[in-house]
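Asker: One structure, as C-alpha cells, below. Some questions next.
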Amino acid sequence: MKYKKAELKPDEKACLELRGLYEQYGYKKYKMSKFEEYSLYVENKDFLASDKVITFTDLDGRLLALKPDVTLSIIKNTQATFECNEKLYYIENVYRESRESHTFKEISQMGLEYIGKVDAYCITEVIALAAKSLRAISKDYILEVAHMSFVVELLQSLQVAEHTKLKLLTLIRSKNVDGLRRTAERADLSELQVESLCRLPFLYGDVTKTIREAKKISLNKAMDRSLDELAQVYEALKALGLAKNIQVDLSIVNDIDYYNGIIFKGYIKELGRCVLAGGQYDQAMALLGKKVDAIGFALYLNEINRIAEEKVLYDVDAVIIYSCGEDVVAVARAVQELQKEGLSVRAEKAVPPNVRYRELYRLENGLLKKEETSC
Amino acid sequence: MLNIALPKGRLGDQVYGMLRDAGYDCPAYEDKNRLLVLESPEKGVRYLLVKPSDVAIYVEHHAADVGIVGKDILLESCPDVYELLDLNIGKCRMAVAAPKGYVEDTDRTLRIATKYVNIAKQFYSEKNRDIEIIKLNGSIELAPILGLSDVIVDIVETGGTLKANNLEVIEEFKTISARFIANKSSFKFQNEIISDMMQKLGEAVK
C-alpha cells in the first residue's frame, strides 16, 4: 500500500534536497557528539558569537559543554593534510544564548566544510554550493561576497589603537558612515584615510562595478590583491551561470583573528536575517595548531522555518465516528478504505473539539456513511 | 511596498515632515486618526506607528524595512541593523546626574538608577567601578531624592526636569540623536528605494 506523503517543513525540505546536492560533490555526512570539552571554547571564545555556553561535569569529572558551535570541533578533530583533503557536511543542533529571551536556545544548523589545500577551484566550488543551497530555499536570494583582507589591510594601514580598530569594525558592519567619520577624525587620520573608511559602507552591489569603485580607495598592494582574488572567483561563478544573484559587500567583516580570504553571507527575500554565512578560515586552523587551509559555511535551518507557508486549513481529511460496540476490524478496514483514496483519517468515538476536518463519516454496524463536508 | 516604522509622538511627526518633503507623503498620516498602519500606495510606502523603544525591534525582525530610532535605544539594545544616517534631530545627551552638591564616595558600591541598564553598565565598566544597577521605567529623577540610588543615568535634553527636582549633571558621555536604520535583508532586496530615501533624507539633514 502506498502511503500518503507527509507535508514537509521548509527546513526539512531544504535538508533533503541539500544532502543530495552535497553528496553529489563528494561531501560526506559527519555525525558528531553533542558534547565537547569546555576548554575548547574558553580558548577560542572570539570565534563564537557569544561566550555563553551550557556546561556540565561529566561522570569522570571533566567539564563539558553542549556544543555552541560545530566548526571548532571539526577543526580540532580533523585529520586532513595538504595532500589529503577532507570534504564533509553536517546537520547538528547547537546551543546558544538567545538575545531576545535571555535564555539558551537550540538552533539547528546545516553546514559544509572543505579542509586541506584550498585553491581557487575549491573556493569556487564552495561558494557555488552556497549559492545553490540558497536557491533551494528561495528563488529570490542574494549571496554577498567580500574579502577579509580588504578591510583588515585597510585597518592595518591606519595604525590606530586596538580598541579604535574594534570600534571601526563595528561601525563598518552597521554601515554607520556618520560614526565612522567621527571616530576617524578623533583618531587623527589623514583625509585620504577618512575618505577610504567612509566610502567602505557604500561598496556593495554589482560585483564588477563595486570592485572598480573599491580600487579607487585601495591604499596598498595587499588591498588590490584581495580585489583581484574576488574578481577571479566572480568570473568563475559567472561562467557557471551563478552570477545573477551574487553581489559584493565589502563592509562584511567576520572575526579578524579567525577568518581570512573570501567570506560570504546569504539572504533570502522572505526573511530579515542572514540565513547562510561562511568563509575561508585558515587562521582559525593555525590557531588550533592545524597546518591546513579550510573553507566552509553554515545554514541556519531554524531561520528558514520562519518562511510563511500556505495556511493549513485542516488537521485531517476525514474523521470516522464509531460507537463502542463496533467491530475493531471493521473500524480498521473503514480507515484503510479511506486512506486508499489518499486521505488522512482519524477514527474517533466523538469529534474531538480541537480537530479541523474536511469530511465526517459515521460507522454503524459495519456501514460507513458520509455525514457532512467540512467543519 | 516599503514598511517604515515611525516612533509615535513628536519625533515621529518631525521625521514624517522630512519624509513628506522628500516625496514620501501619506495623506492618511495627516488625518490624525488612531490608525497604526497608514498606507500611501502611490508612493510605495506604508507607515507603522510604534512605541519609540520598539522601532528597532520591528526593523530587526523584518516587520518594518526601515525605521527612525533614537541612538539611546540602539546603544541599549544593539540590534543587528544598518545604521545608515544621523538625522541630527531629537538631539539630547546621555548623562550621569545626582542631587546638587553630591560628592561620590569611591569606597563603596555606587548605586545607579536608570532605564538604560546596558549603557550604564558599559560606561562604568570602562571606569572599573563597582556598581549596582536599579532598573526603573520612568520618573528616574525620583530615585536619588528618595535615596533609592546615588546617581541616575538618563538622557538630558534641556535639563529642565533635573533642575526642577534639584538634580544636576555630573558627567555627559554620549550625544544622542535620531538615526535612520534599515533591516539588513531589506537593504539588499529593496536597495533602490532605501538608498533613494537615505539620500534625500541626507540632503535634508545638511
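Lettering and numbering for the C-alpha cells are positional, with chains as A, B, ... in the shown order, residues counted from 1 in each chain, and ligands counted from 1 in the shown order.
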For the interface of chain A with chain B (cut-off 7 Å, counting only C-alpha atoms), please tabulate each contacting residue of chain A alongside its nearest pair of atoms and their separation in Å to one decimal, rows sorted by chain and increasing number, as JSON lines.
Answerer:
```
{"residue": "A:Ser174", "atom": "CA", "partner": "B:Tyr82", "partner_atom": "CA", "distance": 4.4}
{"residue": "A:Lys175", "atom": "CA", "partner": "B:Tyr82", "partner_atom": "CA", "distance": 5.6}
{"residue": "A:Asn176", "atom": "CA", "partner": "B:Glu83", "partner_atom": "CA", "distance": 5.1}
{"residue": "A:Val177", "atom": "CA", "partner": "B:Leu84", "partner_atom": "CA", "distance": 6.9}
{"residue": "A:Asp178", "atom": "CA", "partner": "B:Asp86", "partner_atom": "CA", "distance": 6.4}
{"residue": "A:Tyr267", "atom": "CA", "partner": "B:Ser185", "partner_atom": "CA", "distance": 6.2}
{"residue": "A:Lys269", "atom": "CA", "partner": "B:Phe189", "partner_atom": "CA", "distance": 6.4}
{"residue": "A:Leu271", "atom": "CA", "partner": "B:His62", "partner_atom": "CA", "distance": 7.0}
{"residue": "A:Gly272", "atom": "CA", "partner": "B:His62", "partner_atom": "CA", "distance": 4.7}
{"residue": "A:Arg273", "atom": "CA", "partner": "B:Ser185", "partner_atom": "CA", "distance": 6.0}
```
Asker: Atoms to include: N, CA and C atoms. Write the selected residues as an mmCIF file, in the first residue's frame.
Answerer:
```
data_model
loop_
_atom_site.group_PDB
_atom_site.id
_atom_site.type_symbol
_atom_site.label_atom_id
_atom_site.label_comp_id
_atom_site.auth_asym_id
_atom_site.auth_seq_id
_atom_site.Cartn_x
_atom_site.Cartn_y
_atom_site.Cartn_z
ATOM 1 N N SER A 174 27.820 48.029 10.589
ATOM 2 C CA SER A 174 26.464 48.589 10.604
ATOM 3 C C SER A 174 26.321 49.735 9.596
ATOM 4 N N LYS A 175 27.284 49.860 8.689
ATOM 5 C CA LYS A 175 27.251 50.898 7.651
ATOM 6 C C LYS A 175 27.000 52.281 8.231
ATOM 7 N N ASN A 176 27.589 52.547 9.375
ATOM 8 C CA ASN A 176 27.361 53.807 10.063
ATOM 9 C C ASN A 176 28.421 54.827 9.643
ATOM 10 N N VAL A 177 28.132 55.550 8.570
ATOM 11 C CA VAL A 177 29.125 56.465 7.994
ATOM 12 C C VAL A 177 29.394 57.644 8.921
ATOM 13 N N ASP A 178 28.309 58.172 9.526
ATOM 14 C CA ASP A 178 28.490 59.321 10.422
ATOM 15 C C ASP A 178 29.402 58.945 11.580
ATOM 16 N N TYR A 267 21.258 35.846 1.930
ATOM 17 C CA TYR A 267 19.959 36.363 2.364
ATOM 18 C C TYR A 267 18.885 35.863 1.409
ATOM 19 N N LYS A 269 14.681 36.765 0.295
ATOM 20 C CA LYS A 269 13.763 37.905 0.382
ATOM 21 C C LYS A 269 12.742 37.749 1.511
ATOM 22 N N LEU A 271 13.015 36.576 4.444
ATOM 23 C CA LEU A 271 13.474 36.677 5.823
ATOM 24 C C LEU A 271 14.383 37.875 6.045
ATOM 25 N N GLY A 272 14.303 38.402 7.265
ATOM 26 C CA GLY A 272 15.032 39.625 7.580
ATOM 27 C C GLY A 272 16.461 39.415 8.045
ATOM 28 N N ARG A 273 16.839 38.171 8.278
ATOM 29 C CA ARG A 273 18.202 37.939 8.757
ATOM 30 C C ARG A 273 18.971 37.060 7.805
#
```
Asker: What's the 7 Å shell around range 35-47 of chain B, counting only C-alpha atoms, without same-chain residues fewer than 2 positions away, as a ChimeraX atom specification?
Answerer: /B:1-6,24,26,28-29,33,49
Asker: Next, dump the selected residues to file, keeping only C-alpha atoms, as an mmCIF file, in the first residue's frame.
Answerer:
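For reference, result22.cif as written:
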```cif
data_model
loop_
_atom_site.group_PDB
_atom_site.id
_atom_site.type_symbol
_atom_site.label_atom_id
_atom_site.label_comp_id
_atom_site.auth_asym_id
_atom_site.auth_seq_id
_atom_site.Cartn_x
_atom_site.Cartn_y
_atom_site.Cartn_z
ATOM 1 C CA MET B 1 5.784 48.357 -0.565
ATOM 2 C CA LEU B 2 8.334 49.704 1.909
ATOM 3 C CA ASN B 3 7.351 49.496 5.571
ATOM 4 C CA ILE B 4 8.592 52.429 7.628
ATOM 5 C CA ALA B 5 8.475 52.219 11.425
ATOM 6 C CA LEU B 6 7.956 55.679 12.856
ATOM 7 C CA TYR B 24 7.041 60.092 0.570
ATOM 8 C CA CYS B 26 0.923 59.895 3.031
ATOM 9 C CA ALA B 28 -3.657 59.334 5.844
ATOM 10 C CA TYR B 29 -0.882 60.364 8.263
ATOM 11 C CA ASN B 33 -6.861 59.317 13.335
ATOM 12 C CA LEU B 49 3.311 53.931 14.199
#
```
Asker: So that I can check the surroundings of Arg129 in chain B, please list as a list of chain:residue names every protein, DNA and RNA residue that reaches within 12 Å of it, counting only C-alpha atoms and ignoring chain neighbours fewer than 6 positions away.
Answerer: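 These residues fall inside the cut-off: B:Glu104, B:Asp105, B:Thr106, B:Asp107, B:Arg108, B:Thr109, B:Leu110, B:Arg111, B:Ile112, B:Ala120, B:Lys121, B:Gln122, B:Phe123.
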Asker: For the helix (DSSP H, G or I) assignment from backbone DSSP, which residues of chain B qualify? Please present them as an MDAnalysis selection string.
Answerer: chainID B and resid 10:21 27:30 41:43 52:60 71:77 117:126 142:145 160:164 184:189 191:205
Asker: Output C-alpha atoms for every residue in that selection, as a CSV table (one decimal), in the first residue's frame.
Answerer:
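What follows is the written file result02.csv:
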```
chain,number,residue,atom,x,y,z
B,10,ARG,CA,6.8,64.5,18.4
B,11,LEU,CA,9.9,62.9,16.9
B,12,GLY,CA,7.8,60.8,14.6
B,13,ASP,CA,5.8,63.8,13.4
B,14,GLN,CA,9.1,65.7,12.7
B,15,VAL,CA,10.5,62.8,10.7
B,16,TYR,CA,7.3,62.3,8.8
B,17,GLY,CA,7.7,66.0,7.8
B,18,MET,CA,11.1,65.3,6.4
B,19,LEU,CA,9.9,62.2,4.6
B,20,ARG,CA,6.9,64.1,3.2
B,21,ASP,CA,9.2,66.8,1.9
B,27,PRO,CA,-2.3,61.8,3.3
B,28,ALA,CA,-3.7,59.3,5.8
B,29,TYR,CA,-0.9,60.4,8.3
B,30,GLU,CA,-2.1,63.9,8.3
B,41,PRO,CA,0.2,53.1,-2.2
B,42,GLU,CA,1.1,55.5,-5.0
B,43,LYS,CA,4.3,56.4,-3.2
B,52,PRO,CA,9.7,54.6,20.1
B,53,SER,CA,11.6,52.0,22.0
B,54,ASP,CA,10.1,49.2,19.8
B,55,VAL,CA,11.2,50.7,16.4
B,56,ALA,CA,14.5,48.8,16.3
B,57,ILE,CA,12.7,45.5,17.2
B,58,TYR,CA,10.3,45.9,14.3
B,59,VAL,CA,13.2,46.6,11.9
B,60,GLU,CA,15.5,43.9,13.2
B,71,LYS,CA,20.6,56.4,19.3
B,72,ASP,CA,19.9,55.7,23.0
B,73,ILE,CA,17.8,52.7,22.0
B,74,LEU,CA,20.4,51.5,19.6
B,75,LEU,CA,23.2,51.7,22.3
B,76,GLU,CA,21.0,49.9,24.8
B,77,SER,CA,19.8,47.0,22.7
B,117,VAL,CA,20.9,49.2,32.1
B,118,ASN,CA,23.4,48.2,29.4
B,119,ILE,CA,24.6,51.7,28.7
B,120,ALA,CA,25.2,52.4,32.4
B,121,LYS,CA,27.0,49.0,32.8
B,122,GLN,CA,29.3,49.7,29.9
B,123,PHE,CA,30.1,53.2,30.9
B,124,TYR,CA,31.0,52.2,34.5
B,125,SER,CA,32.9,49.1,33.4
B,126,GLU,CA,35.2,51.4,31.4
B,142,LEU,CA,12.9,60.4,41.9
B,143,ALA,CA,15.4,57.7,42.8
B,144,PRO,CA,18.3,59.8,44.2
B,145,ILE,CA,15.8,62.1,46.0
B,160,GLY,CA,14.6,71.3,33.0
B,161,THR,CA,13.3,68.2,34.8
B,162,LEU,CA,16.6,67.8,36.6
B,163,LYS,CA,16.7,71.4,37.7
B,164,ALA,CA,13.1,71.2,38.9
B,184,LYS,CA,19.9,44.1,6.6
B,185,SER,CA,17.9,41.9,4.3
B,186,SER,CA,15.6,44.6,3.1
B,187,PHE,CA,18.6,46.8,2.4
B,188,LYS,CA,19.6,44.3,-0.2
B,189,PHE,CA,16.3,43.4,-1.7
B,191,ASN,CA,18.0,48.8,-2.1
B,192,GLU,CA,16.8,51.2,-4.7
B,193,ILE,CA,14.0,52.8,-2.7
B,194,ILE,CA,16.0,52.7,0.6
B,195,SER,CA,19.1,54.3,-0.9
B,196,ASP,CA,16.9,56.9,-2.5
B,197,MET,CA,15.2,57.7,0.8
B,198,MET,CA,18.6,57.8,2.6
B,199,GLN,CA,20.0,60.2,0.0
B,200,LYS,CA,17.0,62.5,0.2
B,201,LEU,CA,17.0,62.5,4.0
B,202,GLY,CA,20.8,63.1,3.9
B,203,GLU,CA,20.2,66.2,1.8
B,204,ALA,CA,17.5,67.4,4.2
B,205,VAL,CA,19.8,67.0,7.1
```
Asker: Which one is closest to Arg93 in chain B: B:Lys174, B:Lys51, B:Lys115, B:Lys8? Count only C-alpha atoms.
Answerer: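 Closest candidate: B:Lys174.
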Asker: Take CA of Ala334 in chain A and CA of Lys4 in chain A and report the distance between them in Å, one decimal.
Answerer: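 Answer for the CA of Ala334 in chain A to CA of Lys4 in chain A separation: 16.3 Å.
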Asker: Give me the residues near Leu242 in chain A as a list in words, where near means some atom within 12 Å (using only C-alpha atoms) and where sequence neighbours in that chain fewer than 3 positions away do not count.
Answerer: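 Once the nearby chain positions are removed, what remains is Thr124, Glu125, Ile127, Ala128, Leu129, Ala130, Ala131, Lys132, Ser133, Leu134, Arg135, Tyr141, Ile142, Leu143, Val233, Tyr234, Glu235, Ala236, Leu237, Lys238, Ala239, Asn245, Ile246 and Gln247 of chain A.
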Asker: For each of A:Val151, A:Ala308, A:Val94, A:Leu72, take the minimum atom-to-atom distance to Thr170 in chain A, counting only C-alpha atoms, then give the residue where this is smallest.
Answerer: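 When distances to Thr170 in chain A are compared using only C-alpha atoms, the smallest one comes from A:Val151.
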Asker: Considering only strand (DSSP E) as DSSP defines it on the backbone, what residues of range 132-308 of chain A qualify? List them as number ranges by chain.
Answerer: A: 141-147, 204-205, 246-249, 262-268, 276-280, 293-300
Asker: In Å to one decimal, how far is CA of Lys91 in chain B from CA of Ile152 in chain B?
Answerer: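 Answer for the CA of Ile152 in chain B to CA of Lys91 in chain B separation: 19.3 Å.
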Asker: Taking 4 positions as the minimum chain separation for residues in the same chain, which residues sit within 9 Å of Lys349 in chain A when counting only C-alpha atoms? Answer as a list in words.
Answerer: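 Counting only the stated atoms, we get Ile320, Ile321, Tyr322, Ser323 and Cys324 of chain A.
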Asker: If you keep C-alpha atoms, can you produce a file of those selected residues as a PDB file, in the first residue's frame?
Answerer:
```pdb
ATOM      1  CA  ILE A 320     -14.744   8.435  11.240  1.00  0.00           C
ATOM      2  CA  ILE A 321     -17.061   8.271  14.232  1.00  0.00           C
ATOM      3  CA  TYR A 322     -17.669   4.784  15.571  1.00  0.00           C
ATOM      4  CA  SER A 323     -19.625   3.584  18.571  1.00  0.00           C
ATOM      5  CA  CYS A 324     -18.497   1.320  21.432  1.00  0.00           C
TER       6      CYS A 324
END
```
Asker: Neighbours of range 187-198 of chain A within 7 Å (only C-alpha atoms; same-chain residues fewer than 4 positions away dropped), as an NGL selection string?
Answerer: :A and (177 or 180-181 or 183 or 217)
Asker: Using only C-alpha atoms, find the one residue out of B:Ala22, B:Leu48, B:Leu167, B:Ile68 that sits nearest to Gly90 in chain B.
Answerer: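 Answer, going by the shortest atom-to-atom distance: B:Ile68.
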Asker: To one decimal in Å, tell me the separation between CA of Met110 in chain A and CA of Leu299 in chain A.
Answerer: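 About the pair CA of Met110 in chain A and CA of Leu299 in chain A: they are 5.1 Å apart.
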